[in-house]
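Asks: Just passing along the structure, written as structure tokens.
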Amino acid sequence: MSDVIVVLVRSFLAFTVLLVLTRIMGKKQLSHLTLFDYVVGITVGSIAASMSFDTDIEISNYVAALGVWGLIPVAVGYFGLKSRKFLHLTDGRATILVKKGEVLEENLRKNHIAIEELMMLLREKGVFKVDDVEIAILETNGELSVMKKTDLEAITPRLLGIKVKLEHAPTLLVVDGHLLSKNMKILGHSRKWLMKEIQKHGAHSLQDVFLAQVDSNGNLYVDLYEDDNKGVEN
């Protein structure tokens with residue numbers, strides 16, 4: 001077997017193993033990573049890359065190593081649910097950087113964050129004045145959570161004591177010309193009603209509809225395939 005074929009086969013196996021491990025480790029590995037998740041991700045990726053090209057080592061050895069590193073986060077996650085001390089040991093603790101408009105310099109030093117970096121993180125949250133911050137917390141994944149002082153928060157109906165009608169999330173009824181019958185059944189809408197509504201938007205059949213979505217008030221949003229050509233001049 002030529003070297004190229006060997007590399008292709010090993011690469012395919014490495015991809016397959018990584019895919020299985022990703023499913024086992026869960027969605028947390030795809031979100032903002034903690035320091036522990038970051039280390040695991042780099043190590044697993046390095047092992048998989050070596051598995052593709054380093055033909056001097058048996059594939060079974062790489063699979064075993066990937067299995068160990070893939071199961072470590074699962075085990076750590078399990079014990080983290082059982083013990084907060086263990087969770088803090090692996091993921092660390094959130095740290096308060098600003099409290100009542102005052103920067104906590106000691107916490108900045110502990111986390112190796114310069115004041116310029118703090119100001120950048122605050123600006124990313126739409127805050128330009130430290131005095132506007134009630135509390136700013138550096139999370140274990142490196143993100144900064146910011147709570148503004150009460151008098152600077154946006155006014156909402158709840159703050160004004162106004163009751164508003166609650167809405168549920170919009171529901172898709174048609175995607176890429178295909179009817180989502182299950183969603184139609186859940187909402188109690190008929191095909192006849194849907195056809196009547198999409199015709200109001202200029203569609204002749206479901207195949208003309210790229211996307212149809214209904215909100216909690218029964219309003220239907222329709223996007224047609226022909227919309228792509230609007231505004232185009234020959």
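Going by the structure tokens order, chains are called A, B, ..., each with residues numbered from 1, while ligands are numbered from 1 in the order shown.
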Check the DSSP output for the backbone and give back, as a ChimeraX atom specification, the residues of chain A in strand (DSSP E).

Replies: /A:95-99,102-103,133-138,144-148,171-175,178-179,209-214,220-224

Asks: Can you list, as an NGL selection string, every protein, DNA or RNA residue that comes within 7 Å of Thr171 (chain A) when you count only C-alpha atoms, leaving out same-chain residues fewer than 5 positions away?

Replies: :A and (213-215)

Asks: Would you put the residues from that selection into a file with all heavy atoms, as a CSV table (one decimal), in the first residue's frame?

Replies:
chain,number,residue,atom,x,y,z
A,213,GLN,N,-42.4,31.2,8.2
A,213,GLN,CA,-42.3,31.1,9.7
A,213,GLN,C,-43.5,31.9,10.3
A,213,GLN,O,-43.8,33.0,9.8
A,213,GLN,CB,-41.0,31.8,10.1
A,213,GLN,CG,-40.7,31.7,11.6
A,213,GLN,CD,-39.4,32.4,11.9
A,213,GLN,OE1,-39.2,33.5,11.5
A,213,GLN,NE2,-38.5,31.7,12.6
A,214,VAL,N,-44.1,31.3,11.3
A,214,VAL,CA,-45.3,31.9,11.9
A,214,VAL,C,-44.9,32.3,13.4
A,214,VAL,O,-44.3,31.5,14.1
A,214,VAL,CB,-46.5,31.0,11.9
A,214,VAL,CG1,-46.3,29.7,12.7
A,214,VAL,CG2,-47.7,31.7,12.3
A,215,ASP,N,-45.4,33.5,13.8
A,215,ASP,CA,-45.1,33.9,15.2
A,215,ASP,C,-46.3,33.5,16.1
A,215,ASP,O,-47.3,33.0,15.6
A,215,ASP,CB,-44.8,35.4,15.3
A,215,ASP,CG,-45.9,36.3,14.8
A,215,ASP,OD1,-47.1,35.8,14.8
A,215,ASP,OD2,-45.7,37.4,14.5

Asks: When you count only C-alpha atoms, which of these residues is closest to Val6 (chain A): A:Leu66, A:Gly41, A:Glu153, A:Met51?

Replies: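 With only C-alpha atoms as the atom set, the closest residue is A:Met51.
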
Asks: For Arg191 (chain A), list every protein, DNA or RNA residue within 9 Å, evaluated using only C-alpha atoms, and leave out those in the same chain fewer than 3 positions away; present the list as a PyMOL selection string.

Replies: chain A and resi 179+181+184+194-196

Asks: Those same residues - C-alpha atoms - I'd like them written as a PDB file, in the first residue's frame.

Replies:
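Saved as selection-v5.pdb:
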ATOM      1  CA  LEU A 179     -43.592  21.413   4.507  1.00  0.00           C
ATOM      2  CA  SER A 181     -45.934  18.682   8.918  1.00  0.00           C
ATOM      3  CA  MET A 184     -48.148  22.354  11.441  1.00  0.00           C
ATOM      4  CA  LEU A 194     -50.900  27.778   4.745  1.00  0.00           C
ATOM      5  CA  MET A 195     -51.448  27.702   0.980  1.00  0.00           C
ATOM      6  CA  LYS A 196     -53.860  30.615   1.246  1.00  0.00           C
TER       7      LYS A 196
END

Asks: Using DSSP on the backbone, list every residue of region 62-224 of chain A that comes out as helix (DSSP H, G or I), and give them as a count of residues only.

Replies: 71

Asks: Quick one: residues within 10 Å of Glu102 (chain A), only C-alpha atoms, excluding same-chain residues fewer than 5 positions away - as a ChimeraX atom specification?

Replies: /A:97,130-136

Asks: Could you give me, as a ChimeraX atom specification, the residues within 12 Å of His201 (chain A), counting only C-alpha atoms and dropping anything in the same chain fewer than 4 positions from it?

Replies: /A:194-197,205-206,208-209,211-212,220-227

Asks: Check the smallest atom-to-atom distance from each of A:Ala154, A:Gly92, A:Met119, A:Asp54 to Gly80 (chain A) using only C-alpha atoms, then report the winner.

Replies: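 Using only C-alpha atoms, the shortest distance to Gly80 (chain A) belongs to A:Gly92.
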